[in-house]
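target35.txt (compact mmCIF, C-alpha atoms) appears below.
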# COMPACT_ATOMS: atom_id res chain seq x y z
CA MET A 1 0.00 0.00 0.00
CA LYS A 2 1.39 3.39 -1.00
CA LYS A 3 2.14 5.93 1.70
CA ASN A 4 0.58 9.40 1.61
CA ILE A 5 3.25 12.11 1.60
CA LEU A 6 2.55 15.85 1.80
CA ILE A 7 5.10 18.35 0.48
CA ILE A 8 4.52 21.94 1.61
CA GLY A 9 6.49 24.25 -0.65
CA TYR A 10 6.57 22.05 -3.76
CA GLY A 11 9.18 23.09 -6.30
CA ASP A 12 12.45 21.80 -7.75
CA ILE A 13 13.39 19.59 -4.76
CA GLY A 14 9.85 18.19 -4.56
CA HIS A 15 9.94 17.41 -8.28
CA ARG A 16 13.24 15.53 -7.88
CA LEU A 17 11.81 13.64 -4.89
CA LYS A 18 8.92 12.51 -7.08
CA ILE A 19 11.41 11.11 -9.61
CA PHE A 20 13.64 9.31 -7.08
CA SER A 21 10.77 7.87 -5.04
CA ASN A 22 9.87 5.57 -7.98
CA LYS A 23 6.12 6.11 -7.56
CA GLN A 24 6.04 4.40 -4.15
CA TYR A 25 4.16 7.35 -2.59
CA ASN A 26 0.85 9.10 -3.10
CA LEU A 27 2.25 12.61 -3.35
CA TYR A 28 0.21 15.61 -2.25
CA ALA A 29 1.72 19.02 -2.86
CA LEU A 30 1.02 22.53 -1.62
CA SER A 31 2.56 25.59 -3.23
CA ARG A 32 1.65 29.24 -3.62
CA SER A 33 1.68 28.94 -7.41
CA PRO A 34 -0.30 26.43 -9.51
CA VAL A 35 1.54 23.26 -10.60
CA MET A 36 0.48 21.25 -13.64
CA GLU A 37 2.36 17.98 -13.24
CA GLU A 38 1.39 14.34 -13.53
CA GLY A 39 1.86 12.05 -10.57
CA ILE A 40 0.94 14.49 -7.79
CA THR A 41 -2.24 15.83 -6.26
CA HIS A 42 -1.63 19.57 -6.13
CA PHE A 43 -3.39 22.37 -4.25
CA SER A 44 -2.58 26.06 -4.42
CA TRP A 45 -2.26 27.54 -0.93
CA ASP A 46 -0.78 30.78 0.31
CA TRP A 47 0.43 29.95 3.81
CA LEU A 48 0.86 33.66 4.51
CA SER A 49 -2.84 34.36 3.95
CA GLY A 50 -3.98 33.14 7.37
CA GLU A 51 -6.36 30.68 5.68
CA ALA A 52 -6.35 26.96 6.52
CA MET A 53 -5.02 24.26 4.22
CA PRO A 54 -7.48 23.37 1.45
CA PHE A 55 -8.12 19.81 2.64
CA HIS A 56 -9.02 18.00 5.86
CA ASN A 57 -9.27 14.55 7.40
CA LEU A 58 -6.31 13.03 5.58
CA SER A 59 -3.59 10.87 7.11
CA PHE A 60 0.06 11.16 6.06
CA GLU A 61 3.15 9.05 6.65
CA ALA A 62 5.26 12.19 6.45
CA ILE A 63 4.87 15.92 5.92
CA ILE A 64 7.83 17.68 4.31
CA PHE A 65 8.17 21.45 4.69
CA ILE A 66 10.52 23.23 2.28
CA PRO A 67 10.43 26.90 3.35
CA LYS A 68 11.47 29.81 1.18
CA PRO A 69 11.71 33.51 2.03
CA SER A 70 9.05 35.59 0.29
CA GLU A 71 11.87 38.00 -0.60
CA MET A 72 15.53 38.35 0.34
CA THR A 73 14.92 40.83 3.16
CA GLU A 74 14.54 40.42 6.90
CA GLU A 75 10.77 40.70 6.57
CA GLY A 76 10.83 38.17 3.73
CA TYR A 77 12.69 35.67 5.92
CA ILE A 78 10.27 36.22 8.80
CA GLU A 79 7.33 35.58 6.47
CA GLY A 80 8.89 32.57 4.74
CA PHE A 81 10.18 30.77 7.83
CA LEU A 82 8.31 31.95 10.94
CA ASN A 83 4.89 33.22 9.87
CA SER A 84 4.38 30.39 7.40
CA LEU A 85 5.26 27.78 10.05
CA LYS A 86 2.79 29.30 12.51
CA ASN A 87 -0.03 29.02 9.96
CA ILE A 88 0.99 25.49 8.98
CA GLN A 89 0.87 24.46 12.63
CA LYS A 90 -2.70 25.80 12.93
CA SER A 91 -3.79 23.81 9.87
CA LEU A 92 -2.20 20.55 10.98
CA SER A 93 -4.64 20.20 13.87
CA SER A 94 -7.07 18.60 11.39
CA LEU A 95 -4.53 16.16 9.89
CA GLU A 96 -2.92 12.96 11.13
CA PHE A 97 0.77 12.43 10.39
CA LYS A 98 3.62 10.29 11.71
CA LYS A 99 6.63 12.43 10.76
CA PHE A 100 7.42 16.07 10.09
CA ILE A 101 10.55 16.56 7.98
CA ALA A 102 11.63 20.21 7.90
CA ILE A 103 14.30 21.64 5.64
CA SER A 104 16.66 24.09 7.31
CA SER A 105 20.07 25.50 6.46
CA THR A 106 23.64 25.42 7.71
CA ARG A 107 23.33 29.22 7.51
CA VAL A 108 22.50 29.00 11.24
CA PHE A 109 26.26 28.88 11.84
CA GLY A 110 27.91 32.29 11.76
CA SER A 111 30.85 33.21 9.57
CA ASP A 112 33.10 33.32 12.65
CA GLN A 113 32.49 29.63 13.40
CA LYS A 114 35.46 27.83 11.86
CA GLY A 115 36.68 24.25 11.50
CA GLU A 116 34.54 21.12 11.70
CA LEU A 117 30.96 21.81 12.79
CA THR A 118 28.70 18.97 13.93
CA GLU A 119 25.14 18.85 15.17
CA ASP A 120 26.51 19.14 18.74
CA ASP A 121 27.94 22.60 18.05
CA THR A 122 25.74 25.52 19.08
CA PRO A 123 24.88 27.79 16.14
CA ILE A 124 25.97 31.39 16.65
CA PRO A 125 24.49 33.26 13.68
CA ASN A 126 25.78 36.73 12.89
CA ASP A 127 23.17 37.95 10.40
CA TYR A 128 19.39 38.15 10.29
CA ARG A 129 19.08 35.17 7.95
CA GLY A 130 20.86 32.79 10.30
CA SER A 131 19.11 34.22 13.37
CA ILE A 132 15.64 33.78 11.84
CA ILE A 133 16.43 30.24 10.68
CA LYS A 134 17.68 29.39 14.18
CA GLU A 135 14.39 30.69 15.63
CA TYR A 136 12.52 28.62 13.03
CA GLU A 137 14.33 25.48 14.22
CA LEU A 138 13.41 26.19 17.84
CA MET A 139 9.77 26.61 16.83
CA LEU A 140 9.87 23.28 14.97
CA ILE A 141 11.24 21.48 18.02
CA ASP A 142 8.54 23.03 20.21
CA TYR A 143 5.76 22.08 17.78
CA TYR A 144 6.73 18.57 16.65
CA GLN A 145 9.20 17.14 19.20
CA ASP A 146 9.75 13.41 18.60
CA LYS A 147 7.90 13.43 15.25
CA LEU A 148 10.52 15.79 13.85
CA ASN A 149 13.64 15.63 11.75
CA ILE A 150 15.37 18.89 10.78
CA LEU A 151 17.57 18.51 7.71
CA ARG A 152 20.14 21.30 7.55
CA PHE A 153 21.09 21.63 3.89
CA SER A 154 24.38 23.17 2.79
CA GLY A 155 24.45 25.31 -0.34
CA LEU A 156 22.43 23.63 -3.09
CA TYR A 157 23.80 23.25 -6.59
CA ASP A 158 23.35 21.38 -9.88
CA LYS A 159 24.91 21.46 -13.34
CA THR A 160 23.58 24.98 -13.95
CA THR A 161 25.37 26.46 -10.91
CA ASP A 162 28.16 28.85 -11.91
CA ARG A 163 30.00 29.03 -8.60
CA LEU A 164 30.02 26.06 -6.23
CA PRO A 165 29.46 26.78 -2.51
CA PHE A 166 32.29 25.81 -0.14
CA ASN A 167 29.89 23.53 1.79
CA ARG A 168 27.55 22.08 -0.79
CA LEU A 169 24.82 19.56 -1.54
CA HIS A 170 23.67 18.50 -4.99
CA ARG A 171 19.95 19.00 -5.52
CA ASN A 172 19.54 15.33 -6.45
CA SER A 173 21.21 14.32 -3.18
CA ALA A 174 18.87 16.67 -1.28
CA ALA A 175 15.85 14.87 -2.72
CA LYS A 176 17.36 11.44 -1.99
CA ILE A 177 18.06 12.43 1.63
CA ILE A 178 14.41 13.44 2.11
CA ASP A 179 13.36 10.10 0.59
CA PHE A 180 15.74 8.33 3.00
CA PHE A 181 14.20 9.99 6.06
CA ILE A 182 10.63 9.31 4.95
CA SER A 183 11.30 5.59 5.37
CA LYS A 184 13.75 5.73 8.28
CA PRO A 185 12.42 5.30 11.85
CA PHE A 186 12.82 8.42 13.96
CA SER A 187 15.05 8.49 17.03
CA GLY A 188 13.40 10.60 19.69
CA SER A 189 14.68 14.13 20.20
CA ASN A 190 17.97 13.52 18.31
CA ASN A 191 16.44 15.26 15.36
CA ILE A 192 18.90 17.63 13.63
CA ILE A 193 20.97 16.25 10.75
CA HIS A 194 23.60 18.04 8.65
CA CYS A 195 23.27 17.35 4.94
CA SER A 196 26.47 18.25 3.14
CA GLU A 197 28.90 16.50 0.83
CA ASP A 198 32.29 15.21 1.95
CA ARG A 199 35.06 17.71 2.29
CA GLY A 200 38.33 17.94 4.17
CA ILE A 201 38.63 19.98 7.34
CA ASP A 202 40.02 23.47 6.86
CA GLU A 203 40.41 25.26 10.18
CA SER A 204 40.21 28.63 8.43
CA ASN A 205 36.72 27.92 7.03
CA LYS A 206 33.31 26.79 8.21
CA CYS A 207 33.31 23.02 7.51
CA ILE A 208 29.98 21.19 7.88
CA SER A 209 30.35 17.59 9.08
CA ASN A 210 28.15 14.89 7.52
CA ILE A 211 29.30 12.12 9.87
CA LYS A 212 25.92 11.75 11.57
CA LEU A 213 24.07 11.48 8.25
CA LYS A 214 26.37 8.72 7.04
CA GLU A 215 26.25 6.89 10.39
CA LEU A 216 22.47 6.80 10.05
CA GLY A 217 22.95 4.90 6.80
CA PHE A 218 22.74 7.44 3.98
CA ALA A 219 25.27 6.89 1.19
CA PHE A 220 26.14 9.56 -1.33
CA ASP A 221 26.41 8.58 -4.98
CA ASP A 222 29.94 8.17 -6.29
Have the structure of the file written as structure tokens, please.
Amino acid sequence: MKKNILIIGYGDIGHRLKIFSNKQYNLYALSRSPVMEEGITHFSWDWLSGEAMPFHNLSFEAIIFIPKPSEMTEEGYIEGFLNSLKNIQKSLSSLEFKKFIAISSTRVFGSDQKGELTEDDTPIPNDYRGSIIKEYELMLIDYYQDKLNILRFSGLYDKTTDRLPFNRLHRNSAAKIIDFFISKPFSGSNNIIHCSEDRGIDESNKCISNIKLKELGFAFDD
């Protein structure tokens, strides 16, 4: 029997997840803009409107939230990460779900944090983007507790990217990691995972460790 999966913020990563999941899920998608795509059940929903989600009384194996700032300003980050999550939380009172998988960012670590950084290191952001994303993570933990996994993505790239980020994650790998955590049992409150490709440690740079991700069983493609 196929599992029901809800993607809030459907876009490029959601599309790649649909491809790599090999049709094993019933995919429901919410986005602010209409999507005409086979293989998903799509609803348009503006999570900044204050209105509830456009469906009720459904049960999901996992809900995936892929936030995006409404614009690249402080207010845009507040809307895209904090205000949207508050409205999503209100709507989820009418839905049953086993897991909440939230996409976050290694931007929570400030530029002054150097060397290897693991999930045990306390983020010390030094700009409004990192500070708002850190607040978003704390809200997630308060809302969803042991149903939650927070996937901190490093800089996303694909073949169209002109300049590769220092800490990086291919968009295909991002989708495969989400797919991995849909099927993986959750482990209590140990719910933050760094998602970044292998790289050597450079004590003069911020270096995101992926040791925990690989110890959980995820393998990057060669």
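Put simply, CA of Ile63 (chain A) is 8.2 Å away from CA of Lys98 (chain A).
For the set A:Lys134, A:Lys114, A:His42, A:Lys3, the residue with the smallest atom-to-atom gap to Tyr77 (chain A) is A:Lys134, counting all atoms listed in the file.
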Taking all atoms listed in the file into account, produce a table as a Markdown table in which each residue of region 137-182 of chain A with an atom at most 6 Å from an atom of region 100-113 of chain A appears once, together with its shortest atom pair and the distance in Å to one decimal, ordered by chain and rising number.
| residue | atom | partner | partner_atom | distance |
| --- | --- | --- | --- | --- |
| A:Lys147 | CA | A:Phe100 | CA | 5.8 |
| A:Leu148 | CA | A:Phe100 | CA | 4.9 |
| A:Asn149 | CA | A:Ile101 | CA | 5.0 |
| A:Ile150 | CA | A:Ala102 | CA | 4.9 |
| A:Leu151 | CA | A:Ile103 | CA | 5.0 |
| A:Arg152 | CA | A:Ser105 | CA | 4.3 |
| A:Phe153 | CA | A:Ser105 | CA | 4.8 |
| A:Ser154 | CA | A:Thr106 | CA | 5.5 |
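The gap separating CA of Glu37 (chain A) from CA of Ser21 (chain A) is 15.5 Å, in Å to one decimal.
The gap separating CA of Glu197 (chain A) from CA of Ser70 (chain A) is 27.5 Å, in Å to one decimal.
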For region 168-185 of chain A, which lacks atoms in the input, supply N, CA and C atoms and format the output as a short mmCIF file (atom, residue, chain, number, x, y, z; two decimals), keeping the file's coordinate frame.
data_model
loop_
_atom_site.label_atom_id
_atom_site.label_comp_id
_atom_site.auth_asym_id
_atom_site.auth_seq_id
_atom_site.Cartn_x
_atom_site.Cartn_y
_atom_site.Cartn_z
N ARG A 168 28.55 22.20 0.27
CA ARG A 168 27.55 22.08 -0.79
C ARG A 168 26.83 20.74 -0.76
N LEU A 169 25.67 20.74 -1.44
CA LEU A 169 24.82 19.56 -1.54
C LEU A 169 24.14 19.59 -2.90
N HIS A 170 24.34 18.55 -3.69
CA HIS A 170 23.67 18.50 -4.99
C HIS A 170 22.17 18.38 -4.79
N ARG A 171 21.40 19.01 -5.65
CA ARG A 171 19.95 19.00 -5.52
C ARG A 171 19.39 17.57 -5.61
N ASN A 172 19.99 16.72 -6.41
CA ASN A 172 19.54 15.33 -6.45
C ASN A 172 19.78 14.64 -5.11
N SER A 173 20.93 14.90 -4.49
CA SER A 173 21.21 14.32 -3.18
C SER A 173 20.22 14.83 -2.13
N ALA A 174 19.85 16.11 -2.22
CA ALA A 174 18.87 16.67 -1.28
C ALA A 174 17.57 15.90 -1.34
N ALA A 175 17.10 15.62 -2.56
CA ALA A 175 15.85 14.87 -2.72
C ALA A 175 15.99 13.44 -2.19
N LYS A 176 17.15 12.81 -2.46
CA LYS A 176 17.36 11.44 -1.99
C LYS A 176 17.45 11.37 -0.47
N ILE A 177 18.00 12.40 0.16
CA ILE A 177 18.06 12.43 1.63
C ILE A 177 16.65 12.52 2.21
N ILE A 178 15.80 13.37 1.63
CA ILE A 178 14.41 13.44 2.11
C ILE A 178 13.75 12.08 1.98
N ASP A 179 13.92 11.43 0.82
CA ASP A 179 13.36 10.10 0.59
C ASP A 179 13.85 9.12 1.65
N PHE A 180 15.14 9.20 1.98
CA PHE A 180 15.74 8.33 3.00
C PHE A 180 15.05 8.50 4.35
N PHE A 181 14.78 9.75 4.74
CA PHE A 181 14.20 9.99 6.06
C PHE A 181 12.69 9.74 6.10
N ILE A 182 12.04 9.71 4.96
CA ILE A 182 10.63 9.31 4.95
C ILE A 182 10.50 7.88 5.45
N SER A 183 11.40 7.01 5.03
CA SER A 183 11.30 5.59 5.37
C SER A 183 12.06 5.20 6.62
N LYS A 184 12.93 6.10 7.11
CA LYS A 184 13.75 5.73 8.28
C LYS A 184 13.00 6.00 9.59
N PRO A 185 13.03 5.04 10.54
CA PRO A 185 12.42 5.30 11.85
C PRO A 185 13.07 6.50 12.54
#
